[in-house]
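Colleague: File data02.cif follows (mmCIF, C-alpha atoms and all ligand atoms):
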```cif
data_entry
#
loop_
_atom_site.label_atom_id
_atom_site.label_comp_id
_atom_site.auth_asym_id
_atom_site.auth_seq_id
_atom_site.Cartn_x
_atom_site.Cartn_y
_atom_site.Cartn_z
CA MET L 7 -4.76 20.52 7.92
CA SER L 8 -6.53 20.72 11.22
CA LYS L 9 -9.34 18.49 12.24
CA ASP L 10 -9.90 20.32 15.53
CA LEU L 11 -13.35 19.61 16.88
CA ASP L 12 -15.07 16.79 15.13
CA VAL L 13 -18.48 18.41 15.16
CA GLU L 14 -21.01 17.46 12.54
CA GLN L 15 -24.30 19.19 12.02
CA ALA L 16 -27.39 17.56 10.67
CA ALA L 17 -29.46 20.69 10.26
CA GLY L 18 -31.93 21.19 7.43
CA PRO L 19 -30.88 23.39 4.53
CA THR L 20 -32.78 26.45 5.78
CA ASN L 21 -31.42 26.24 9.28
CA ASP L 22 -28.06 27.90 9.65
CA ILE L 23 -27.12 26.27 12.91
CA LYS L 24 -23.55 26.59 13.94
CA VAL L 25 -21.99 25.15 17.07
CA GLU L 26 -19.12 27.41 17.97
CA THR L 27 -18.16 26.36 21.45
CA ILE L 28 -18.84 23.32 23.50
CA ALA L 29 -17.43 23.47 27.00
CA ILE L 30 -17.64 20.09 28.64
CA GLN L 31 -17.27 19.60 32.33
CA PRO L 32 -18.21 16.27 33.76
CA VAL L 33 -20.55 16.68 36.74
CA ALA L 34 -21.98 14.19 39.13
CA ALA L 35 -23.80 11.32 37.57
CA ALA L 36 -27.53 11.91 37.53
CA ALA L 37 -30.65 10.52 36.09
CA ALA L 38 -29.13 8.97 33.03
CA ALA L 39 -28.61 5.31 32.42
CA PRO L 40 -26.46 3.53 35.04
CA VAL L 41 -23.31 3.73 32.93
CA ALA L 42 -23.86 7.28 31.77
CA THR L 43 -22.29 10.47 33.02
CA VAL L 44 -23.81 13.88 32.62
CA ALA L 45 -22.01 16.67 30.91
CA GLU L 46 -22.93 20.29 30.64
CA ALA L 47 -22.57 21.82 27.23
CA THR L 48 -22.77 25.48 26.39
CA VAL L 49 -23.86 25.87 22.81
CA ILE L 50 -23.91 29.12 20.89
CA ALA L 51 -26.43 28.51 18.15
CA VAL L 52 -27.30 30.63 15.15
CA THR L 53 -30.74 29.92 13.84
CA ASN L 54 -31.83 31.37 10.51
CA GLY L 55 -28.94 33.84 10.69
CA GLU L 56 -29.97 35.23 14.12
CA LYS L 57 -27.63 34.60 16.97
CA ALA L 58 -28.84 33.34 20.31
CA ASP L 59 -26.63 32.43 23.22
CA ASP L 60 -28.29 29.31 24.45
CA LYS L 61 -27.12 27.51 27.50
CA LEU L 62 -28.39 24.04 27.11
CA LYS L 63 -28.11 21.30 29.62
CA LEU L 64 -27.57 18.24 27.62
CA GLN L 65 -27.39 14.72 28.78
CA GLN L 66 -24.93 12.55 27.06
CA GLN L 67 -24.23 8.92 27.22
CA GLN L 68 -20.55 8.36 27.56
CA GLN L 69 -19.60 5.21 25.77
CA GLN L 70 -16.68 3.15 26.89
CA SER L 71 -14.59 4.49 24.01
CA SER L 72 -15.31 8.04 25.18
CA ASN L 73 -17.16 8.79 21.95
CA VAL L 74 -20.27 10.66 22.96
CA THR L 75 -23.20 11.66 20.79
CA VAL L 76 -25.02 14.80 21.84
CA THR L 77 -28.48 15.20 20.36
CA THR L 78 -30.33 18.46 20.74
CA THR L 79 -34.05 18.23 20.16
CA PRO L 80 -36.50 21.11 19.68
CA GLU L 81 -37.95 20.50 23.15
CA GLN L 82 -34.54 21.13 24.70
CA ALA L 83 -34.06 24.16 22.49
CA THR L 84 -37.25 25.77 23.78
CA THR L 85 -35.87 25.86 27.32
CA THR L 86 -33.52 28.65 26.23
CA THR L 87 -34.04 32.35 26.74
CA THR L 88 -33.92 33.15 23.07
CA THR L 89 -35.76 36.38 22.31
CA ALA L 90 -35.04 36.36 18.62
CA ALA L 91 -37.88 35.38 16.36
CA ALA L 92 -36.21 32.22 15.43
CA SER L 93 -38.56 29.92 13.66
CA PRO L 94 -39.37 26.83 15.71
CA THR L 95 -37.52 24.66 13.38
CA THR L 96 -36.15 21.32 14.23
CA PHE L 97 -32.46 20.95 14.53
CA THR L 98 -30.22 18.19 15.57
CA THR L 99 -26.62 18.65 16.52
CA THR L 100 -24.37 15.66 16.68
CA ALA L 101 -21.02 16.14 18.32
CA THR L 102 -18.52 13.34 18.48
CA ILE L 103 -16.55 14.01 21.59
CA THR L 104 -13.19 12.37 21.86
CA PRO L 105 -10.53 12.94 24.51
CA SER L 106 -8.67 15.17 22.05
CA ASN L 107 -11.76 17.30 21.55
CA ILE L 108 -12.20 17.66 25.28
CA GLU L 109 -8.55 18.62 25.69
CA ALA L 110 -8.77 21.06 22.80
CA VAL L 111 -11.91 22.66 24.20
CA ASN L 112 -10.47 22.92 27.68
CA LYS L 113 -7.47 24.71 26.25
CA GLY L 114 -9.82 27.12 24.51
CA ASN L 115 -9.49 25.95 20.97
CA ASN L 116 -10.27 29.11 19.10
CA LYS L 117 -8.08 31.73 17.48
CA SER L 118 -8.09 34.23 20.34
CA ASN L 119 -7.16 31.60 22.92
CA MET L 120 -4.63 29.76 20.76
CA ASP L 121 -1.31 28.83 22.30
CA PRO L 122 0.95 31.83 21.49
CA ALA L 123 3.79 29.44 20.68
CA LEU L 124 1.68 27.96 17.91
CA ILE L 125 0.81 31.37 16.49
CA ASN L 126 4.56 32.09 16.28
CA PHE L 127 5.06 28.72 14.67
CA LYS L 128 2.44 29.38 12.01
CA VAL L 129 3.90 32.78 11.13
CA LEU L 130 7.42 31.37 10.84
CA TYR L 131 6.17 28.31 8.94
CA VAL L 132 4.49 30.53 6.32
CA LEU L 133 7.66 32.65 6.14
CA THR L 134 9.70 29.48 5.59
CA GLN L 135 7.46 28.42 2.70
CA LEU L 136 7.62 31.87 1.11
CA CYS L 137 11.38 31.89 1.45
CA GLY L 138 11.71 28.39 -0.02
CA LEU L 139 9.41 29.06 -2.96
CA THR L 140 11.14 32.37 -3.75
CA MET L 141 14.48 30.53 -3.64
CA ILE L 142 13.24 28.04 -6.26
CA VAL L 143 11.77 30.74 -8.52
CA LEU L 144 15.00 32.75 -8.35
CA VAL L 145 17.17 29.73 -9.20
CA GLY L 146 14.91 29.11 -12.21
CA THR L 147 15.22 32.77 -13.22
CA TRP L 148 18.98 32.70 -12.70
CA ILE L 149 19.62 29.73 -14.96
CA GLY L 150 16.96 30.85 -17.46
CA GLN L 151 18.05 34.47 -17.79
CA HIS L 152 21.80 34.19 -17.39
CA PHE L 153 22.89 30.65 -18.31
CA GLY L 154 20.74 29.69 -21.32
CA GLY L 155 18.06 27.58 -19.61
CA LEU L 156 17.84 23.79 -19.52
CA GLY L 157 19.10 21.19 -21.97
CA GLY L 158 19.82 17.49 -22.47
CA THR L 159 22.93 15.39 -22.90
CA ALA L 160 23.53 16.87 -26.36
CA ASN L 161 24.42 20.17 -24.68
CA PRO L 162 26.34 19.41 -21.47
CA SER L 163 26.63 23.01 -20.33
CA LEU L 164 22.84 23.38 -20.44
CA GLU L 165 22.36 19.94 -18.93
CA PHE L 166 24.37 21.21 -15.96
CA ASN L 167 21.59 23.73 -15.19
CA TRP L 168 19.31 20.96 -13.96
CA HIS L 169 21.84 20.46 -11.15
CA PRO L 170 21.25 23.69 -9.16
CA LEU L 171 17.52 23.62 -9.94
CA PHE L 172 16.83 20.07 -8.78
CA MET L 173 19.21 20.30 -5.83
CA THR L 174 17.34 23.42 -4.67
CA ILE L 175 13.90 21.85 -5.09
CA GLY L 176 14.80 18.37 -3.83
CA PHE L 177 17.78 18.52 -1.55
CA ILE L 178 16.92 21.86 0.07
CA TYR L 179 13.20 22.63 -0.18
CA LEU L 180 11.68 19.13 0.02
CA TYR L 181 14.27 17.95 2.53
CA GLY L 182 13.45 20.90 4.83
CA ASN L 183 9.71 20.48 4.41
CA SER L 184 9.81 16.79 5.15
CA ILE L 185 11.64 17.51 8.41
CA LEU L 186 8.92 20.00 9.37
CA ILE L 187 5.99 17.74 8.51
CA TYR L 188 5.41 16.49 12.08
CA ARG L 189 5.25 20.01 13.49
CA GLY L 190 3.43 21.64 10.58
CA PHE L 191 0.63 19.06 10.49
CA ARG L 192 0.41 18.35 14.19
CA THR L 193 -3.26 17.26 14.24
CA THR L 194 -2.75 14.57 11.62
CA ARG L 195 -2.32 10.99 12.79
CA LYS L 196 1.25 9.87 13.39
CA LYS L 197 1.04 6.95 10.99
CA THR L 198 0.01 9.26 8.12
CA LEU L 199 2.78 11.70 9.02
CA LYS L 200 5.38 8.95 8.99
CA LEU L 201 4.31 7.85 5.51
CA THR L 202 4.32 11.47 4.30
CA HIS L 203 7.73 12.10 5.91
CA ALA L 204 9.17 9.02 4.17
CA SER L 205 7.49 9.87 0.83
CA ILE L 206 8.66 13.49 0.69
CA HIS L 207 12.18 12.35 1.59
CA MET L 208 11.94 9.82 -1.24
CA GLY L 209 10.87 12.62 -3.63
CA ALA L 210 13.85 14.69 -2.43
CA PHE L 211 16.17 11.73 -2.99
CA ILE L 212 14.94 11.11 -6.56
CA LEU L 213 15.45 14.77 -7.55
CA THR L 214 18.88 14.71 -5.92
CA VAL L 215 19.95 11.65 -7.91
CA ILE L 216 18.80 13.32 -11.16
CA ALA L 217 20.70 16.48 -10.14
CA LEU L 218 23.84 14.41 -9.57
CA LYS L 219 23.49 12.59 -12.88
CA THR L 220 23.20 15.88 -14.79
CA VAL L 221 26.30 17.39 -13.15
CA PHE L 222 28.38 14.24 -13.74
CA ASP L 223 27.15 14.17 -17.36
CA SER L 224 28.06 17.81 -17.79
CA HIS L 225 31.63 16.97 -16.72
CA ASN L 226 32.01 13.64 -18.52
CA LEU L 227 30.40 14.77 -21.80
CA ALA L 228 32.13 18.18 -21.91
CA LYS L 229 33.89 19.05 -25.15
CA PRO L 230 36.60 19.19 -26.30
CA GLN L 231 37.61 17.16 -23.26
CA PRO L 232 35.90 15.93 -20.11
CA ILE L 233 36.13 17.97 -16.90
CA PRO L 234 37.56 16.03 -13.91
CA ASN L 235 35.09 14.80 -11.31
CA MET L 236 35.07 15.27 -7.56
CA TYR L 237 37.92 17.76 -7.33
CA SER L 238 36.21 20.54 -5.34
CA LEU L 239 35.29 20.93 -1.67
CA HIS L 240 31.74 21.55 -2.88
CA SER L 241 31.61 18.14 -4.54
CA TRP L 242 33.15 16.38 -1.52
CA LEU L 243 30.79 17.88 1.03
CA GLY L 244 27.81 17.73 -1.33
CA LEU L 245 28.30 14.03 -1.98
CA SER L 246 28.85 13.43 1.76
CA ALA L 247 25.49 15.08 2.47
CA VAL L 248 23.82 12.81 -0.10
CA ILE L 249 25.44 9.71 1.44
CA ILE L 250 24.39 10.73 4.97
CA PHE L 251 20.87 11.33 3.68
CA SER L 252 20.74 7.88 2.03
CA LEU L 253 21.97 6.07 5.16
CA GLN L 254 19.54 8.08 7.26
CA TYR L 255 16.71 7.05 4.97
CA VAL L 256 17.49 3.36 5.27
CA ALA L 257 17.92 3.62 9.05
CA GLY L 258 14.70 5.66 9.43
CA PHE L 259 12.77 3.23 7.28
CA VAL L 260 14.00 0.16 9.13
CA ALA L 261 13.49 1.69 12.56
CA TYR L 262 10.16 3.45 12.20
CA LEU L 263 8.28 2.01 9.23
CA ALA L 264 9.27 -1.62 8.77
CA PRO L 265 7.68 -3.93 11.32
CA GLY L 266 9.53 -5.91 13.95
CA ILE L 267 11.82 -3.38 15.60
CA ARG L 268 11.57 -3.35 19.38
CA GLU L 269 10.22 -0.20 20.97
CA ASN L 270 13.31 0.46 23.09
CA TYR L 271 15.50 0.44 19.96
CA LYS L 272 13.18 2.95 18.33
CA ILE L 273 13.42 5.21 21.35
CA ALA L 274 17.20 4.83 21.57
CA MET L 275 17.62 5.68 17.88
CA MET L 276 15.45 8.78 17.82
CA PRO L 277 18.10 11.29 19.05
CA PHE L 278 20.52 10.00 16.37
CA HIS L 279 17.78 10.12 13.76
CA ILE L 280 17.04 13.75 14.59
CA TYR L 281 20.71 14.72 14.87
CA PHE L 282 21.81 13.16 11.57
CA GLY L 283 18.64 14.35 9.84
CA LEU L 284 19.44 17.95 10.77
CA PHE L 285 23.19 17.52 10.25
CA GLY L 286 22.62 16.29 6.67
CA PHE L 287 20.29 19.22 6.05
CA VAL L 288 22.80 21.81 7.28
CA LEU L 289 25.51 20.15 5.19
CA ALA L 290 23.23 20.36 2.14
CA ILE L 291 22.73 24.11 2.73
CA ALA L 292 26.50 24.59 3.13
CA SER L 293 27.15 22.63 -0.10
CA ALA L 294 24.59 24.66 -2.02
CA LEU L 295 26.29 27.87 -0.84
CA MET L 296 29.65 26.57 -2.03
CA GLY L 297 28.12 25.42 -5.32
CA ILE L 298 26.53 28.73 -6.14
CA THR L 299 29.68 30.63 -5.19
CA GLU L 300 31.76 28.36 -7.42
CA LYS L 301 29.39 28.76 -10.34
CA ALA L 302 29.34 32.55 -9.90
CA ILE L 303 33.14 32.72 -9.90
CA PHE L 304 33.55 30.27 -12.82
CA ALA L 305 30.76 31.52 -15.05
CA ILE L 306 30.25 35.24 -14.36
CA PRO L 307 33.43 36.93 -15.60
CA THR L 308 32.42 40.33 -14.18
CA TYR L 309 31.30 38.95 -10.79
CA SER L 310 33.47 41.48 -8.92
CA ALA L 311 31.66 44.33 -10.68
CA LEU L 312 28.35 43.22 -9.16
CA PRO L 313 26.40 42.39 -12.35
CA ALA L 314 22.74 41.30 -12.21
CA ALA L 315 23.67 37.60 -12.43
CA GLY L 316 26.05 38.03 -9.48
CA VAL L 317 23.54 39.94 -7.36
CA LEU L 318 20.93 37.27 -8.05
CA ALA L 319 23.39 34.53 -7.06
CA ASN L 320 24.07 36.35 -3.79
CA ILE L 321 20.35 36.78 -3.08
CA ILE L 322 19.77 33.06 -3.70
CA GLY L 323 22.62 32.30 -1.28
CA VAL L 324 21.08 34.54 1.39
CA LEU L 325 17.73 32.78 0.90
CA TYR L 326 19.42 29.36 1.34
CA VAL L 327 20.75 30.59 4.68
CA ILE L 328 17.44 32.06 5.84
CA PHE L 329 15.51 28.96 4.77
CA GLY L 330 18.01 26.68 6.53
CA ALA L 331 17.97 28.78 9.69
CA LEU L 332 14.16 28.80 9.82
CA VAL L 333 13.86 25.04 9.26
CA VAL L 334 16.44 24.23 11.94
CA TYR L 335 14.80 26.63 14.40
CA LEU L 336 11.29 25.29 13.78
CA ALA L 337 12.52 21.69 14.04
CA THR L 338 14.45 22.19 17.27
CA GLU L 339 12.37 24.66 19.34
CA PRO L 340 10.88 22.49 22.10
CA ALA L 341 7.68 24.58 22.31
CA TYR L 342 6.83 23.65 18.71
CA LYS L 343 7.22 19.90 19.14
CA ARG L 344 4.16 17.90 18.12
CA LYS L 345 2.32 16.38 21.05
CA ALA L 346 1.03 12.85 20.65
CA LEU L 347 -2.67 12.66 19.82
CA PRO L 348 -4.84 10.32 21.88
CA GLU L 349 -5.56 8.30 18.73
CA ASP L 350 -1.80 7.79 18.18
CA THR L 351 -1.69 5.95 21.47
CA ALA L 352 -5.22 4.58 21.53
CA LEU L 353 -4.78 2.66 18.32
CA LEU L 354 -1.34 1.38 19.10
CA SER L 355 -0.10 -0.48 22.07
CA THR L 356 3.37 0.97 21.74
CA ASN L 357 5.01 4.20 22.86
CA SER L 358 3.80 7.34 21.09
CA ALA L 359 7.24 8.94 21.10
CA THR L 360 8.25 6.87 18.13
CA GLU L 361 5.04 5.44 16.77
C1 LIG L 401 22.96 21.15 -2.02
C2 LIG L 401 22.99 20.48 -3.00
C3 LIG L 401 24.16 20.17 -3.87
C4 LIG L 401 24.87 19.03 -3.88
C5 LIG L 401 24.68 17.84 -2.95
C6 LIG L 401 25.84 19.12 -4.94
C7 LIG L 401 26.73 18.15 -5.27
C8 LIG L 401 27.65 18.23 -6.29
C9 LIG L 401 28.59 17.20 -6.66
C10 LIG L 401 28.70 15.86 -5.97
C11 LIG L 401 29.33 17.67 -7.67
C12 LIG L 401 30.47 16.95 -8.34
C13 LIG L 401 30.18 16.55 -9.77
C14 LIG L 401 31.42 16.08 -10.48
O1 LIG L 401 32.47 16.11 -9.89
O2 LIG L 401 31.27 15.70 -11.63
C15 LIG L 401 28.87 19.01 -7.95
C16 LIG L 401 29.39 19.82 -8.90
C17 LIG L 401 29.03 21.10 -9.08
N1 LIG L 401 28.00 21.75 -8.45
FE1 LIG L 401 26.86 21.05 -7.03
N2 LIG L 401 25.70 20.34 -5.55
C18 LIG L 401 24.68 21.00 -4.92
C19 LIG L 401 24.17 22.23 -5.20
C20 LIG L 401 24.74 23.05 -6.13
C21 LIG L 401 24.25 24.35 -6.42
C22 LIG L 401 23.03 25.05 -5.79
C23 LIG L 401 25.05 24.87 -7.35
C24 LIG L 401 24.89 26.22 -7.96
C25 LIG L 401 25.10 26.48 -9.19
C26 LIG L 401 26.07 23.87 -7.66
C27 LIG L 401 27.10 24.01 -8.56
C28 LIG L 401 28.00 23.03 -8.92
C29 LIG L 401 29.07 23.22 -9.87
C30 LIG L 401 29.42 24.53 -10.57
C31 LIG L 401 29.71 22.01 -9.98
C32 LIG L 401 30.91 21.67 -10.88
C33 LIG L 401 32.19 22.01 -10.21
C34 LIG L 401 32.51 21.06 -9.09
O3 LIG L 401 32.67 19.87 -9.34
O4 LIG L 401 32.61 21.53 -7.97
N3 LIG L 401 25.84 22.77 -6.89
N4 LIG L 401 27.85 19.32 -7.10
C1 LIG L 402 16.74 10.84 4.93
C2 LIG L 402 15.68 10.55 5.50
C3 LIG L 402 15.20 11.18 6.81
C4 LIG L 402 15.57 12.34 7.43
C5 LIG L 402 16.60 13.33 6.98
C6 LIG L 402 14.78 12.46 8.64
C7 LIG L 402 14.85 13.50 9.54
C8 LIG L 402 14.08 13.65 10.66
C9 LIG L 402 14.12 14.74 11.58
C10 LIG L 402 15.06 15.93 11.50
C11 LIG L 402 13.20 14.53 12.53
C12 LIG L 402 12.85 15.44 13.72
C13 LIG L 402 11.53 16.16 13.47
C14 LIG L 402 10.96 16.85 14.68
O1 LIG L 402 11.48 16.73 15.79
O2 LIG L 402 9.93 17.53 14.53
C15 LIG L 402 12.59 13.27 12.24
C16 LIG L 402 11.63 12.69 13.00
C17 LIG L 402 11.11 11.46 12.75
N1 LIG L 402 11.34 10.67 11.64
FE1 LIG L 402 12.63 11.02 10.17
N2 LIG L 402 13.95 11.38 8.72
C18 LIG L 402 14.19 10.57 7.62
C19 LIG L 402 13.58 9.40 7.28
C20 LIG L 402 12.65 8.81 8.05
C21 LIG L 402 11.97 7.59 7.70
C22 LIG L 402 12.17 6.78 6.42
C23 LIG L 402 11.12 7.34 8.71
C24 LIG L 402 10.17 6.20 8.77
C25 LIG L 402 8.93 6.42 8.91
C26 LIG L 402 11.25 8.39 9.71
C27 LIG L 402 10.54 8.48 10.90
C28 LIG L 402 10.60 9.53 11.79
C29 LIG L 402 9.86 9.59 13.02
C30 LIG L 402 8.91 8.54 13.57
C31 LIG L 402 10.18 10.80 13.62
C32 LIG L 402 9.68 11.31 14.99
C33 LIG L 402 8.76 12.47 14.89
C34 LIG L 402 8.34 12.98 16.26
O3 LIG L 402 7.67 12.26 16.96
O4 LIG L 402 8.70 14.10 16.61
N3 LIG L 402 12.19 9.27 9.26
N4 LIG L 402 13.14 12.76 11.08
#
```
For this file, write the structure as C-alpha cells.
Modeller:
Amino acid sequence: MSKDLDVEQAAGPTNDIKVETIAIQPVAAAAAAPVATVAEATVIAVTNGEKADDKLKLQQQQQQSSNVTVTTTPEQATTTTTTAAASPTTFTTTATITPSNIEAVNKGNNKSNMDPALINFKVLYVLTQLCGLTMIVLVGTWIGQHFGGLGGTANPSLEFNWHPLFMTIGFIYLYGNSILIYRGFRTTRKKTLKLTHASIHMGAFILTVIALKTVFDSHNLAKPQPIPNMYSLHSWLGLSAVIIFSLQYVAGFVAYLAPGIRENYKIAMMPFHIYFGLFGFVLAIASALMGITEKAIFAIPTYSALPAAGVLANIIGVLYVIFGALVVYLATEPAYKRKALPEDTALLSTNSATE
C-alpha cells in the first residue's frame, strides 16, 4: 500500500544492512562537481546483526530531476565510531531521493512520528472494513439459514435472495470502498487510483444490475400470479439511487478519465461529483434499510416476538448504518484528504486537484 521511502539496498547476502532513517538537510555547496549540492545523511546501519549508529557525511550529486543516488563505500564507513566487531565487509547503499521522500523524512516518516490524523484514519478504515465484511457474512447467513439459500429462475422466491446479497456486496460495500480509495491508498499515484476508483464502481454497478434482475424476476415469475413491480417506497428510492449512480458514473468517466475535458471544467465539477457520489451512497444505505425492514415484516411472521431471523435482520440494519456513517465520515473529514504527490504533478502539466 505504501511506498514510503524508496530505499534500495545492494548489500551482500551475509550483510544485514538496514537503512532506517535518512535525514537530509541541504547545506552549502562544497567540493562536489559544479552542479552538485551536498547533503548530510544520518544513517543507522546494522551490520551482521549488530547495530551501530553511524553518522556519515555523504556527498550526493543532485540531478536536475531531484533523483539522487547515495553510495556508501567501505572507506566512508570506516570514518564512523563503531565499536562493534562488525566485519569490514563491503556494503553499498543506494537511496533514490525524490521530493516526496524528502518531505516524508522531514515530517518524520516513522510510526512514532506519524501524523495522528492518519493513525485515526487507519483505525477507522480497518473498523469500516470489519463492519462491511461482517455485514456481508451476516446477510449470507440470514438468507442461508432463514430463507432457504440461493436459487435460479425456476424458484423465484430463492432467486430473490440474490437481491439482498448482491446489493449488500455491490451497492453498499464496493460503492463505499471505491469512495474511500483515494484516502485509503494515499501514496499510490493518482492515475492508478482513478482507474481503480472507476473499476470498483463498475464492479459495484454490475452486481447491482444482477441484484435488480433477480428481484424483478422474483416478482414477474412468481406463481400463481406475478407480484406487481415498483409499488414500494423502497423500490422507488432504491431505483433512484441506482439511476443517480449510473449518471454519476458517466459524468465521472467523461470528466476525469476520458481525454479532452478542460481543466477548469474538471475543477468546477468536482464539488458536484463528490456531493452526488455521497448522496447516492447515503440513498443506497437508506434503501437497504427499507428493504430489509420490508422483508422482515413480509417474511418473518413472528417478527414482533423477536425471533433469531428478526434479530439478525436488525443487526444487519445497524451494521448498514455504522458502515455508512464511517464511510461518509472518512470521505468528508478534511484532515484525511489525500494530498497530491509530487509525481502526480511532475508527470502531468495539469492541476493535481483533479488529475
Ligand atoms: C441498497 C440496495 C437496494 C436497492 C437499490 C434495491 C432496489 C430494489 C428495487 C428497485 C426493487 C423493486 C423490484 C420490483 O418492483 O420488482 C426492490 C424490491 C425489493 N427489495 Fe430491494 N433494493 C436494495 C436492497 C435491498 C435489501 C438489502 C433488501 C433486504 C432483504 C431488499 C428487499 C427487497 C424486497 C423484499 C423487495 C420486494 C418488495 C418491493 O418491491 O419493495 N432490498 N429492491
Ligand atoms: C458512480 C460512480 C462514482 C462515484 C459514486 C464517485 C464518487 C466519488 C466521491 C464520493 C469522491 C470523493 C472522494 C474523496 O474526497 O476522498 C470522488 C472523487 C473523485 N472521483 Fe469519483 N465517483 C464515481 C466515478 C468516477 C469516475 C468514473 C471517475 C473517473 C476517473 C472519477 C474520478 C474521481 C476523481 C478524480 C476524484 C477526486 C479525488 C480527490 O482528488 O480527492 N469518479 N468520487
Colleague: Could you list, as a VMD selection string, all protein and nucleic acid residues with an atom at most 6 Å from ligand LIG 402 (chain L), counting all atoms listed in the file?
Modeller: chain L and resid 185 to 186 188 to 189 200 to 201 204 207 251 to 252 254 to 255 258 to 259 262 to 263 279 to 280 283 to 284 337 343 359 to 361
Colleague: Kindly indicate which residue among L:Tyr237, L:Trp168, L:Tyr326, L:Phe278 lies nearest to ligand LIG 401 (chain L), using only C-alpha atoms and all ligand atoms for the distances.
Modeller: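 Closest residue, counting only C-alpha atoms and all ligand atoms: L:Tyr237.
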Colleague: As a quick test: using all atoms listed in the file, which residues lie no more than 8 Å away from ligand LIG 401 (chain L)? Give them as JSON, numbers by chain.
Modeller: {"L": [166, 167, 169, 170, 171, 173, 174, 177, 178, 214, 217, 218, 221, 222, 223, 224, 225, 226, 233, 234, 235, 236, 237, 238, 239, 240, 241, 242, 243, 244, 245, 246, 247, 248, 289, 290, 291, 292, 293, 294, 295, 296, 297, 298, 299, 300, 301, 302, 304]}
Colleague: Need the shell around Gly316 of chain L: protein/DNA/RNA residues with any atom at most 10 Å away, counting only C-alpha atoms. Skip same-chain ones fewer than 4 positions apart. Format as a PyMOL selection string?
Modeller: chain L and resi 148+152+298-299+301-303+305-312+320-322
Colleague: Would you output that residue set with C-alpha atoms, as a tab-separated table (two decimals), keeping the file's coordinate frame?
Modeller:
```tsv
chain	number	residue	atom	x	y	z
L	148	TRP	CA	18.98	32.70	-12.70
L	152	HIS	CA	21.80	34.19	-17.39
L	298	ILE	CA	26.53	28.73	-6.14
L	299	THR	CA	29.68	30.63	-5.19
L	301	LYS	CA	29.39	28.76	-10.34
L	302	ALA	CA	29.34	32.55	-9.90
L	303	ILE	CA	33.14	32.72	-9.90
L	305	ALA	CA	30.76	31.52	-15.05
L	306	ILE	CA	30.25	35.24	-14.36
L	307	PRO	CA	33.43	36.93	-15.60
L	308	THR	CA	32.42	40.33	-14.18
L	309	TYR	CA	31.30	38.95	-10.79
L	310	SER	CA	33.47	41.48	-8.92
L	311	ALA	CA	31.66	44.33	-10.68
L	312	LEU	CA	28.35	43.22	-9.16
L	320	ASN	CA	24.07	36.35	-3.79
L	321	ILE	CA	20.35	36.78	-3.08
L	322	ILE	CA	19.77	33.06	-3.70
```
Colleague: For the atom pair atom CA of Ile250 of chain L and atom CA of Tyr281 of chain L, what is the interatomic distance in Å to one decimal place?
Modeller: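 Value for the atom CA of Ile250 of chain L-atom CA of Tyr281 of chain L distance: 11.3 Å.
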Colleague: To one decimal in Å, tell me the separation between atom CA of Val260 of chain L and atom CA of Met275 of chain L.
Modeller: 11.0 Å
Colleague: Counting only C-alpha atoms, find residues at most 9 Å from (16.1, 24.1, -17.8) (file frame) and give them as a PDB file with C-alpha atoms, in the frame of the given file.
Modeller:
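The file below, part.pdb, is the result:
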```pdb
ATOM      1  CA  GLY L 146      14.910  29.110 -12.210  1.00  0.00           C
ATOM      2  CA  ILE L 149      19.620  29.730 -14.960  1.00  0.00           C
ATOM      3  CA  GLY L 150      16.960  30.850 -17.460  1.00  0.00           C
ATOM      4  CA  GLY L 154      20.740  29.690 -21.320  1.00  0.00           C
ATOM      5  CA  GLY L 155      18.060  27.580 -19.610  1.00  0.00           C
ATOM      6  CA  LEU L 156      17.840  23.790 -19.520  1.00  0.00           C
ATOM      7  CA  GLY L 157      19.100  21.190 -21.970  1.00  0.00           C
ATOM      8  CA  GLY L 158      19.820  17.490 -22.470  1.00  0.00           C
ATOM      9  CA  LEU L 164      22.840  23.380 -20.440  1.00  0.00           C
ATOM     10  CA  GLU L 165      22.360  19.940 -18.930  1.00  0.00           C
ATOM     11  CA  PHE L 166      24.370  21.210 -15.960  1.00  0.00           C
ATOM     12  CA  ASN L 167      21.590  23.730 -15.190  1.00  0.00           C
ATOM     13  CA  TRP L 168      19.310  20.960 -13.960  1.00  0.00           C
ATOM     14  CA  LEU L 171      17.520  23.620  -9.940  1.00  0.00           C
TER      15      LEU L 171
END
```
